$ cat target35.cif   # mmCIF, C-alpha atoms
data_query
#
loop_
_atom_site.label_atom_id
_atom_site.label_comp_id
_atom_site.auth_asym_id
_atom_site.auth_seq_id
_atom_site.Cartn_x
_atom_site.Cartn_y
_atom_site.Cartn_z
CA MET A 1 -14.52 8.33 20.90
CA ILE A 2 -16.29 6.02 18.49
CA THR A 3 -16.57 2.24 18.54
CA ASP A 4 -13.96 0.05 16.90
CA ALA A 5 -16.53 -1.00 14.30
CA GLU A 6 -17.31 2.63 13.48
CA TRP A 7 -13.59 3.38 13.16
CA THR A 8 -13.13 0.44 10.80
CA ARG A 9 -15.99 1.68 8.61
CA LEU A 10 -14.60 5.22 8.63
CA ARG A 11 -11.11 4.03 7.65
CA SER A 12 -12.56 1.99 4.79
CA ASP A 13 -14.00 5.19 3.31
CA LEU A 14 -10.73 7.14 3.54
CA ARG A 15 -8.31 7.33 0.64
CA LEU A 16 -4.69 8.33 0.89
CA GLY A 17 -4.20 11.86 -0.42
CA GLN A 18 -7.90 12.62 -0.05
CA ILE A 19 -8.44 16.37 0.45
CA LEU A 20 -10.31 17.43 3.57
CA THR A 21 -10.99 21.02 4.57
CA GLY A 22 -10.29 21.57 8.24
CA THR A 23 -9.90 24.16 10.96
CA VAL A 24 -6.79 24.28 13.12
CA ALA A 25 -8.24 23.53 16.53
CA HIS A 26 -5.20 23.49 18.79
CA VAL A 27 -1.49 24.25 18.60
CA PRO A 28 -0.32 22.97 22.00
CA ASN A 29 3.41 23.65 21.73
CA PRO A 30 4.53 25.28 18.48
CA GLY A 31 7.64 23.67 17.08
CA ALA A 32 7.52 20.62 19.35
CA ILE A 33 4.45 18.45 18.73
CA GLY A 34 2.27 19.41 15.79
CA ILE A 35 -1.22 20.76 15.25
CA PHE A 36 -4.68 19.33 15.86
CA VAL A 37 -7.24 19.85 13.13
CA ASP A 38 -11.03 19.53 13.05
CA VAL A 39 -12.04 18.10 9.66
CA GLY A 40 -15.68 17.49 10.54
CA LEU A 41 -15.24 13.80 11.32
CA PRO A 42 -15.88 12.03 14.63
CA VAL A 43 -12.13 11.56 15.13
CA GLN A 44 -9.38 14.08 15.63
CA GLY A 45 -7.05 15.13 12.84
CA PHE A 46 -3.36 15.69 13.53
CA VAL A 47 -0.37 17.02 11.57
CA ASP A 48 2.93 15.79 12.99
CA VAL A 49 5.68 18.31 13.64
CA VAL A 50 7.98 16.48 11.19
CA LEU A 51 5.78 17.71 8.33
CA MET A 52 5.59 21.32 9.51
CA PRO A 53 7.93 24.25 8.72
CA ARG A 54 10.92 24.53 11.01
CA ASP A 55 10.16 28.23 11.51
CA VAL A 56 7.11 28.26 13.78
CA ALA A 57 6.25 31.72 12.46
CA HIS A 58 4.99 29.90 9.37
CA TRP A 59 2.70 27.58 11.34
CA PRO A 60 -1.05 28.24 11.01
CA ALA A 61 -2.74 29.84 14.00
CA GLU A 62 -5.72 28.32 15.78
CA GLY A 63 -8.86 29.01 13.77
CA THR A 64 -7.07 28.87 10.40
CA VAL A 65 -9.09 27.08 7.73
CA ALA A 66 -7.05 25.13 5.19
CA ASP A 67 -7.03 22.00 3.07
CA PHE A 68 -5.30 18.86 4.31
CA GLU A 69 -4.53 15.49 2.75
CA VAL A 70 -5.17 12.16 4.40
CA TRP A 71 -1.67 10.92 5.27
CA TRP A 72 -2.50 7.82 7.33
CA ALA A 73 -4.97 6.37 9.83
CA ASP A 74 -3.75 3.61 12.11
CA GLU A 75 -5.98 0.58 12.54
CA HIS A 76 -5.87 0.71 16.35
CA ARG A 77 -5.49 4.41 17.13
CA GLN A 78 -8.49 6.57 16.43
CA GLN A 79 -6.67 9.55 14.98
CA LEU A 80 -6.49 10.79 11.41
CA ARG A 81 -2.96 11.73 10.36
CA LEU A 82 -2.95 14.65 7.94
CA LYS A 83 -0.56 16.48 5.66
CA PRO A 84 -1.08 20.16 4.74
CA ALA A 85 -2.09 20.53 1.10
CA ASP A 86 -0.60 24.04 0.98
CA PRO A 87 3.20 23.83 0.40
CA ALA A 88 3.59 26.96 2.51
CA LEU A 89 2.52 24.92 5.54
CA LEU A 90 5.00 22.11 4.87
CA ARG A 91 8.62 21.77 5.90
CA ASP A 92 10.96 23.52 3.47
CA ASP A 93 12.67 20.31 2.40
CA PHE A 94 9.50 18.26 2.08
CA ALA A 95 10.48 16.87 -1.33
CA GLU A 96 13.70 15.48 0.11
CA TYR A 97 11.87 14.17 3.19
CA LEU A 98 9.32 12.41 0.99
CA ALA A 99 11.99 10.84 -1.21
CA ARG A 100 13.77 9.44 1.83
CA TRP A 101 10.97 8.37 4.14
CA ARG A 102 7.92 7.80 1.94
CA PRO A 103 9.03 7.48 -1.70
CA ASP A 104 5.96 5.44 -2.63
CA TRP A 105 3.57 8.28 -1.69
CA PRO A 106 2.72 9.27 -5.30
CA MET A 107 1.68 5.68 -5.97
CA LEU A 108 -0.40 5.50 -2.79
CA ILE A 109 -2.57 8.52 -3.56
CA GLY A 110 -6.16 7.53 -4.25
CA HIS A 111 -5.97 4.08 -2.68
CA PRO A 112 -8.17 3.19 0.32
CA ILE A 113 -6.10 2.95 3.49
CA ASP A 114 -7.44 -0.44 4.50
CA ARG A 115 -6.80 -1.85 1.02
CA VAL A 116 -3.12 -0.97 1.20
CA GLU A 117 -2.82 -2.48 4.66
CA LYS A 118 -4.66 -5.67 3.73
CA SER A 119 -2.60 -6.16 0.58
CA MET A 120 0.63 -6.06 2.54
CA ASP A 121 -0.80 -8.59 5.00
CA VAL A 122 -1.76 -10.87 2.10
CA LEU A 123 1.75 -10.69 0.68
CA ARG A 124 3.35 -11.51 4.03
CA ARG A 125 1.14 -14.57 4.49
CA GLU A 126 1.54 -15.75 0.91
CA PHE A 127 5.29 -15.22 0.70
CA ALA A 128 5.70 -17.05 4.02
CA ALA A 129 3.66 -19.96 2.57
CA GLU A 130 1.30 -19.92 5.53
CA GLU A 131 -1.68 -22.24 5.87
CA GLY A 132 -4.15 -21.72 3.01
CA SER A 133 -1.67 -19.78 0.88
CA PHE A 134 -1.35 -20.31 -2.85
CA LEU A 135 2.33 -21.28 -2.60
CA LEU A 136 1.77 -23.85 0.14
CA ARG A 137 -1.07 -25.59 -1.68
CA LEU A 138 0.83 -25.52 -4.94
CA ARG A 139 4.01 -27.01 -3.50
CA CYS A 140 2.60 -29.51 -1.00
CA ASP A 141 -0.74 -30.50 -2.53
CA LEU A 142 0.02 -29.95 -6.22
CA THR A 143 -3.14 -27.85 -6.30
CA TRP A 144 -3.49 -24.58 -8.17
CA ASP A 145 -5.93 -22.70 -5.95
CA ARG A 146 -7.50 -20.13 -8.28
CA GLU A 147 -9.00 -18.05 -5.46
CA ALA A 148 -5.68 -17.93 -3.61
CA PHE A 149 -3.82 -17.05 -6.81
CA THR A 150 -6.20 -14.18 -7.51
CA ARG A 151 -5.69 -12.88 -3.96
CA LEU A 152 -1.90 -13.10 -4.35
CA GLU A 153 -1.81 -11.57 -7.83
CA ARG A 154 -3.91 -8.56 -6.84
CA ALA A 155 -1.75 -7.93 -3.77
CA MET A 156 1.37 -8.13 -5.93
CA ARG A 157 -0.14 -5.60 -8.34
CA ILE A 158 -0.85 -3.14 -5.53
CA ALA A 159 2.66 -3.62 -4.14
CA CYS A 160 4.17 -2.90 -7.56
CA ALA A 161 2.19 0.32 -7.92
CA HIS A 162 2.98 1.46 -4.38
CA HIS A 163 6.72 0.80 -4.60
CA GLN A 164 7.24 1.91 -8.18
CA ALA A 165 9.02 5.08 -7.12
CA SER A 166 11.00 3.48 -4.29
CA GLU A 167 14.77 3.45 -4.48
CA GLN A 168 14.96 0.71 -1.85
CA LEU A 169 12.95 -2.51 -1.64
CA HIS A 170 12.09 -4.55 1.42
CA ARG A 171 14.06 -7.81 1.54
CA TRP A 172 11.00 -9.94 2.35
CA MET A 173 9.11 -8.53 -0.63
CA ALA A 174 12.03 -8.96 -3.02
CA ASP A 175 12.49 -12.56 -1.88
CA GLY A 176 8.77 -13.21 -2.32
CA PHE A 177 8.52 -11.75 -5.81
CA TYR A 178 11.59 -13.70 -6.88
CA GLU A 179 10.22 -16.94 -5.41
CA VAL A 180 6.88 -16.58 -7.15
CA ALA A 181 8.43 -15.65 -10.50
CA THR A 182 10.94 -18.53 -10.50
CA ALA A 183 9.46 -21.34 -8.40
CA VAL A 184 5.87 -21.35 -9.67
CA PRO A 185 6.84 -21.97 -13.32
CA ALA A 186 9.28 -24.67 -12.21
CA TRP A 187 6.79 -26.42 -9.92
CA THR A 188 4.09 -26.51 -12.62
CA ALA A 189 6.28 -27.37 -15.61
CA HIS A 190 5.81 -31.15 -15.42
CA PRO A 191 3.27 -32.35 -18.02
CA ASP A 192 1.45 -34.39 -15.33
CA PHE A 193 0.81 -31.36 -13.10
CA PRO A 194 -3.00 -31.25 -12.54
CA ARG A 195 -4.59 -28.61 -14.77
CA PRO A 196 -8.39 -28.67 -14.44
CA ALA A 197 -8.67 -25.20 -16.01
CA PRO A 198 -7.93 -24.47 -19.69
CA GLN A 199 -4.23 -24.43 -20.54
CA SER A 200 -4.51 -20.80 -21.61
CA TYR A 201 -5.41 -19.83 -18.03
CA TYR A 202 -2.13 -21.18 -16.64
CA GLU A 203 -0.14 -19.60 -19.45
CA ASP A 204 -1.75 -16.23 -18.72
CA CYS A 205 -1.02 -16.61 -14.99
CA LEU A 206 2.65 -17.45 -15.54
CA GLU A 207 2.99 -14.51 -17.91
CA ARG A 208 1.32 -12.27 -15.31
CA ILE A 209 3.64 -13.16 -12.45
CA GLY A 210 6.61 -12.65 -14.74
CA ASP A 211 5.31 -9.23 -15.73
CA LEU A 212 4.72 -8.29 -12.09
CA ALA A 213 8.20 -9.38 -11.01
CA ASP A 214 9.65 -7.34 -13.87
CA TRP A 215 7.59 -4.32 -12.78
CA PHE A 216 8.57 -4.72 -9.13
CA PHE A 217 12.31 -4.98 -9.73
CA ARG A 218 12.62 -2.49 -12.60
CA GLY A 219 10.28 0.11 -11.10
CA GLU A 220 8.04 0.44 -14.14
CA PRO A 221 5.54 -1.81 -15.92
CA ALA A 222 6.22 -3.20 -19.37
CA TYR A 223 2.93 -1.80 -20.64
CA VAL A 224 1.95 1.70 -21.70
CA GLU A 225 0.42 4.13 -19.23
CA GLY A 226 -3.28 3.48 -18.77
CA TYR A 227 -3.02 -0.24 -19.44
CA VAL A 228 -5.79 -2.15 -17.66
CA TRP A 229 -4.64 -5.40 -16.08
CA PRO A 230 -7.41 -7.95 -16.69
CA ASP A 231 -8.38 -10.14 -13.77
CA LEU A 232 -7.37 -13.78 -14.02
#
$ encode --input "target35.cif" --output "structure tokens"
Amino acid sequence: MITDAEWTRLRSDLRLGQILTGTVAHVPNPGAIGIFVDVGLPVQGFVDVVLMPRDVAHWPAEGTVADFEVWWADEHRQQLRLKPADPALLRDDFAEYLARWRPDWPMLIGHPIDRVEKSMDVLRREFAAEEGSFLLRLRCDLTWDREAFTRLERAMRIACAHHQASEQLHRWMADGFYEVATAVPAWTAHPDFPRPAPQSYYEDCLERIGDLADWFFRGEPAYVEGYVWPDL
């Protein structure tokens, strides 16, 4: 066991899809639980049975050395969830499984685990117009909080990338993207709305949230591959 602080630091260094070489340490009940893997970290690695071949004859034996991908690491449980990198060690219908249960996986690869988690938390707070959120200050105080907008816009960008391949969208996220794309322009349209920043800044922001809503709902950005979204 490591301390919670050490686990938080370790998680912050892990990226989804990151390749780790490990040794199968224990196969407690082939076909029923999964396999435990030692990847040289102070926490245990584990591959869930749902990712493994149905035929246990194709499971790796204890002592097998193989590559594994970081699949997830829960904030509160000190265990590293892994996915075999070798297709031979995956369930036969893994492509179908991925499309149904984790369609955003290709977009998640390479992102830090804690960044993904934090971005979703930001979106929930912002879309719910909680205290200190951009939407609450904009609507109630007629204040465009630049720091809060930047936080919201970056979280929306991450959400777009992560859900680009998804066939289904979460209702709360769809409602939030729609609200931001339609309400913010309406709330700030009056000529007397306070605009301490240059007018071009607000125009760029409104264009950005429109582009992000379009990306989120259509499943692809309006810009060519490799486009770098400038910070606002």
$ resolve_selection --input "target35.cif" --expression "the PyMOL selection byres ((chain A and resi 138) around 12)" --output "ChimeraX atom specification"
/A:126,129-137,139-146,148-149,180,183-188,193-195
$ resolve_selection --input "target35.cif" --expression "the PyMOL selection byres ((chain A and resi 67) around 9)" --output "count of residues only"
13
$ closest_residue --input "target35.cif" --among "A:Pro112, A:Pro198, A:Phe177, A:Ala189" --to "Gly210 of chain A" --atoms "all atoms listed in the file"
A:Phe177
$ residues_around --input "target35.cif" --residues "Gly219 of chain A" --least-positions-apart "3" --cutoff "6 Å" --atoms "all atoms listed in the file" --output "list of chain:residue names"
A:Gln164, A:Trp215, A:Phe216
$ atom_distance --input "target35.cif" --atom1 "atom CA of Asp114 of chain A" --atom2 "atom CA of Glu75 of chain A"
8.2 Å
$ resolve_selection --input "target35.cif" --expression "the PyMOL selection byres ((chain A and resi 73) around 12)" --output "number ranges by chain"
A: 7-8, 10-17, 43-47, 69-72, 74-83, 112-114, 116-117
$ atom_distance --input "target35.cif" --atom1 "atom CA of Pro196 of chain A" --atom2 "atom CA of Thr182 of chain A"
22.2 Å
$ atom_distance --input "target35.cif" --atom1 "atom CA of Gly31 of chain A" --atom2 "atom CA of Val50 of chain A"
9.3 Å
$ residues_around --input "target35.cif" --residues "Glu220 of chain A" --least-positions-apart "4" --cutoff "12 Å" --atoms "all atoms listed in the file" --output "list in words"
Met107, Arg157, Cys160, Ala161, His162, His163, Gln164, Ala165, Ser166, Asp211, Leu212, Ala213, Asp214, Trp215, Phe216, Val224 and Glu225 of chain A
$ residues_around --input "target35.cif" --residues "Val49 of chain A" --least-positions-apart "5" --cutoff "12 Å" --atoms "only C-alpha atoms" --output "ChimeraX atom specification"
/A:27-36,54-56,59,81-84,89-91
$ closest_atom_pairs --input "target35.cif" --of "segment 152-175 of chain A" --to "segment 205-208 of chain A" --cutoff "12 Å" --atoms "only C-alpha atoms" --output "CSV"
residue,atom,partner,partner_atom,distance
A:Leu152,CA,A:Cys205,CA,11.2
A:Glu153,CA,A:Arg208,CA,8.1
A:Arg154,CA,A:Arg208,CA,10.6
A:Met156,CA,A:Arg208,CA,10.3
A:Arg157,CA,A:Arg208,CA,9.8
$ closest_residue --input "target35.cif" --among "A:Ala159, A:Ala99, A:Leu51, A:Leu232" --to "Val122 of chain A" --atoms "only C-alpha atoms"
A:Ala159
$ residues_around --input "target35.cif" --residues "Gly63 of chain A" --least-positions-apart "4" --cutoff "9 Å" --atoms "all atoms listed in the file" --output "ChimeraX atom specification"
/A:23-26
$ residues_around --input "target35.cif" --residues "Ala155 of chain A" --least-positions-apart "6" --cutoff "8 Å" --atoms "only C-alpha atoms" --output "list of chain:residue names"
A:Ser119, A:Met120, A:Val122, A:Leu123
$ closest_residue --input "target35.cif" --among "A:Pro53, A:Asp92, A:Arg125, A:Gly40" --to "Met173 of chain A" --atoms "all atoms listed in the file"
A:Arg125
$ closest_residue --input "target35.cif" --among "A:Trp229, A:Gly176, A:Lys118, A:His170" --to "Arg151 of chain A" --atoms "all atoms listed in the file"
A:Lys118
$ build_atoms --input "target35.cif" --residues "segment 169-180 of chain A" --atoms "all heavy atoms" --output "PDB file, keeping the file's coordinate frame"
ATOM      1  N   LEU A 169      14.003  -1.515  -1.735  1.00  0.00           N
ATOM      2  CA  LEU A 169      12.950  -2.510  -1.640  1.00  0.00           C
ATOM      3  C   LEU A 169      13.135  -3.324  -0.363  1.00  0.00           C
ATOM      4  O   LEU A 169      14.259  -3.605   0.042  1.00  0.00           O
ATOM      5  CB  LEU A 169      12.979  -3.450  -2.853  1.00  0.00           C
ATOM      6  CG  LEU A 169      12.812  -2.777  -4.221  1.00  0.00           C
ATOM      7  CD1 LEU A 169      12.987  -3.805  -5.334  1.00  0.00           C
ATOM      8  CD2 LEU A 169      11.454  -2.094  -4.331  1.00  0.00           C
ATOM      9  N   HIS A 170      12.015  -3.711   0.241  1.00  0.00           N
ATOM     10  CA  HIS A 170      12.090  -4.550   1.420  1.00  0.00           C
ATOM     11  C   HIS A 170      12.584  -5.944   1.032  1.00  0.00           C
ATOM     12  O   HIS A 170      12.131  -6.520   0.041  1.00  0.00           O
ATOM     13  CB  HIS A 170      10.712  -4.658   2.079  1.00  0.00           C
ATOM     14  CG  HIS A 170      10.201  -3.359   2.616  1.00  0.00           C
ATOM     15  ND1 HIS A 170      10.809  -2.694   3.659  1.00  0.00           N
ATOM     16  CD2 HIS A 170       9.139  -2.599   2.250  1.00  0.00           C
ATOM     17  CE1 HIS A 170      10.146  -1.589   3.927  1.00  0.00           C
ATOM     18  NE2 HIS A 170       9.136  -1.504   3.078  1.00  0.00           N
ATOM     19  N   ARG A 171      13.488  -6.499   1.839  1.00  0.00           N
ATOM     20  CA  ARG A 171      14.060  -7.810   1.540  1.00  0.00           C
ATOM     21  C   ARG A 171      12.980  -8.878   1.419  1.00  0.00           C
ATOM     22  O   ARG A 171      13.002  -9.697   0.500  1.00  0.00           O
ATOM     23  CB  ARG A 171      15.070  -8.178   2.622  1.00  0.00           C
ATOM     24  CG  ARG A 171      15.579  -9.607   2.559  1.00  0.00           C
ATOM     25  CD  ARG A 171      16.474  -9.842   1.368  1.00  0.00           C
ATOM     26  NE  ARG A 171      17.716  -9.091   1.490  1.00  0.00           N
ATOM     27  CZ  ARG A 171      18.673  -9.124   0.562  1.00  0.00           C
ATOM     28  NH1 ARG A 171      18.514  -9.832  -0.536  1.00  0.00           N
ATOM     29  NH2 ARG A 171      19.776  -8.426   0.722  1.00  0.00           N
ATOM     30  N   TRP A 172      12.012  -8.887   2.356  1.00  0.00           N
ATOM     31  CA  TRP A 172      11.000  -9.940   2.350  1.00  0.00           C
ATOM     32  C   TRP A 172      10.142  -9.876   1.088  1.00  0.00           C
ATOM     33  O   TRP A 172       9.739 -10.912   0.538  1.00  0.00           O
ATOM     34  CB  TRP A 172      10.134  -9.880   3.601  1.00  0.00           C
ATOM     35  CG  TRP A 172       9.197  -8.696   3.688  1.00  0.00           C
ATOM     36  CD1 TRP A 172       9.445  -7.486   4.248  1.00  0.00           C
ATOM     37  CD2 TRP A 172       7.850  -8.633   3.196  1.00  0.00           C
ATOM     38  NE1 TRP A 172       8.347  -6.662   4.143  1.00  0.00           N
ATOM     39  CE2 TRP A 172       7.358  -7.338   3.514  1.00  0.00           C
ATOM     40  CE3 TRP A 172       7.018  -9.536   2.537  1.00  0.00           C
ATOM     41  CZ2 TRP A 172       6.064  -6.931   3.182  1.00  0.00           C
ATOM     42  CZ3 TRP A 172       5.719  -9.133   2.204  1.00  0.00           C
ATOM     43  CH2 TRP A 172       5.251  -7.833   2.529  1.00  0.00           C
ATOM     44  N   MET A 173       9.902  -8.670   0.590  1.00  0.00           N
ATOM     45  CA  MET A 173       9.110  -8.530  -0.630  1.00  0.00           C
ATOM     46  C   MET A 173       9.911  -8.960  -1.848  1.00  0.00           C
ATOM     47  O   MET A 173       9.391  -9.655  -2.739  1.00  0.00           O
ATOM     48  CB  MET A 173       8.626  -7.085  -0.779  1.00  0.00           C
ATOM     49  CG  MET A 173       7.631  -6.665   0.267  1.00  0.00           C
ATOM     50  SD  MET A 173       7.014  -4.985   0.010  1.00  0.00           S
ATOM     51  CE  MET A 173       6.061  -5.210  -1.472  1.00  0.00           C
ATOM     52  N   ALA A 174      11.179  -8.563  -1.901  1.00  0.00           N
ATOM     53  CA  ALA A 174      12.030  -8.960  -3.020  1.00  0.00           C
ATOM     54  C   ALA A 174      12.168 -10.468  -3.084  1.00  0.00           C
ATOM     55  O   ALA A 174      12.071 -11.079  -4.168  1.00  0.00           O
ATOM     56  CB  ALA A 174      13.394  -8.293  -2.905  1.00  0.00           C
ATOM     57  N   ASP A 175      12.383 -11.101  -1.927  1.00  0.00           N
ATOM     58  CA  ASP A 175      12.490 -12.560  -1.880  1.00  0.00           C
ATOM     59  C   ASP A 175      11.195 -13.206  -2.368  1.00  0.00           C
ATOM     60  O   ASP A 175      11.215 -14.201  -3.109  1.00  0.00           O
ATOM     61  CB  ASP A 175      12.796 -13.028  -0.465  1.00  0.00           C
ATOM     62  CG  ASP A 175      14.226 -12.720  -0.039  1.00  0.00           C
ATOM     63  OD1 ASP A 175      15.053 -12.402  -0.914  1.00  0.00           O
ATOM     64  OD2 ASP A 175      14.509 -12.797   1.170  1.00  0.00           O
ATOM     65  N   GLY A 176      10.056 -12.644  -1.941  1.00  0.00           N
ATOM     66  CA  GLY A 176       8.770 -13.210  -2.320  1.00  0.00           C
ATOM     67  C   GLY A 176       8.481 -13.095  -3.806  1.00  0.00           C
ATOM     68  O   GLY A 176       8.030 -14.060  -4.438  1.00  0.00           O
ATOM     69  N   PHE A 177       8.738 -11.927  -4.371  1.00  0.00           N
ATOM     70  CA  PHE A 177       8.520 -11.750  -5.810  1.00  0.00           C
ATOM     71  C   PHE A 177       9.415 -12.684  -6.610  1.00  0.00           C
ATOM     72  O   PHE A 177       8.987 -13.280  -7.609  1.00  0.00           O
ATOM     73  CB  PHE A 177       8.769 -10.296  -6.206  1.00  0.00           C
ATOM     74  CG  PHE A 177       7.545  -9.424  -6.150  1.00  0.00           C
ATOM     75  CD1 PHE A 177       7.141  -8.851  -4.946  1.00  0.00           C
ATOM     76  CD2 PHE A 177       6.793  -9.188  -7.290  1.00  0.00           C
ATOM     77  CE1 PHE A 177       6.009  -8.048  -4.895  1.00  0.00           C
ATOM     78  CE2 PHE A 177       5.654  -8.392  -7.243  1.00  0.00           C
ATOM     79  CZ  PHE A 177       5.260  -7.821  -6.039  1.00  0.00           C
ATOM     80  N   TYR A 178      10.662 -12.816  -6.175  1.00  0.00           N
ATOM     81  CA  TYR A 178      11.590 -13.700  -6.880  1.00  0.00           C
ATOM     82  C   TYR A 178      11.124 -15.150  -6.792  1.00  0.00           C
ATOM     83  O   TYR A 178      11.161 -15.887  -7.790  1.00  0.00           O
ATOM     84  CB  TYR A 178      12.991 -13.561  -6.284  1.00  0.00           C
ATOM     85  CG  TYR A 178      14.017 -14.452  -6.939  1.00  0.00           C
ATOM     86  CD1 TYR A 178      14.600 -14.092  -8.156  1.00  0.00           C
ATOM     87  CD2 TYR A 178      14.385 -15.661  -6.357  1.00  0.00           C
ATOM     88  CE1 TYR A 178      15.536 -14.919  -8.767  1.00  0.00           C
ATOM     89  CE2 TYR A 178      15.313 -16.491  -6.957  1.00  0.00           C
ATOM     90  CZ  TYR A 178      15.884 -16.116  -8.168  1.00  0.00           C
ATOM     91  OH  TYR A 178      16.793 -16.946  -8.774  1.00  0.00           O
ATOM     92  N   GLU A 179      10.687 -15.566  -5.608  1.00  0.00           N
ATOM     93  CA  GLU A 179      10.220 -16.940  -5.410  1.00  0.00           C
ATOM     94  C   GLU A 179       9.025 -17.251  -6.306  1.00  0.00           C
ATOM     95  O   GLU A 179       8.979 -18.303  -6.966  1.00  0.00           O
ATOM     96  CB  GLU A 179       9.846 -17.146  -3.945  1.00  0.00           C
ATOM     97  CG  GLU A 179       9.329 -18.527  -3.597  1.00  0.00           C
ATOM     98  CD  GLU A 179      10.432 -19.558  -3.453  1.00  0.00           C
ATOM     99  OE1 GLU A 179      11.620 -19.186  -3.507  1.00  0.00           O
ATOM    100  OE2 GLU A 179      10.101 -20.746  -3.269  1.00  0.00           O
ATOM    101  N   VAL A 180       8.066 -16.345  -6.327  1.00  0.00           N
ATOM    102  CA  VAL A 180       6.880 -16.580  -7.150  1.00  0.00           C
ATOM    103  C   VAL A 180       7.243 -16.643  -8.626  1.00  0.00           C
ATOM    104  O   VAL A 180       6.776 -17.518  -9.370  1.00  0.00           O
ATOM    105  CB  VAL A 180       5.828 -15.468  -6.902  1.00  0.00           C
ATOM    106  CG1 VAL A 180       4.689 -15.562  -7.919  1.00  0.00           C
ATOM    107  CG2 VAL A 180       5.275 -15.567  -5.488  1.00  0.00           C
TER     108      VAL A 180
END
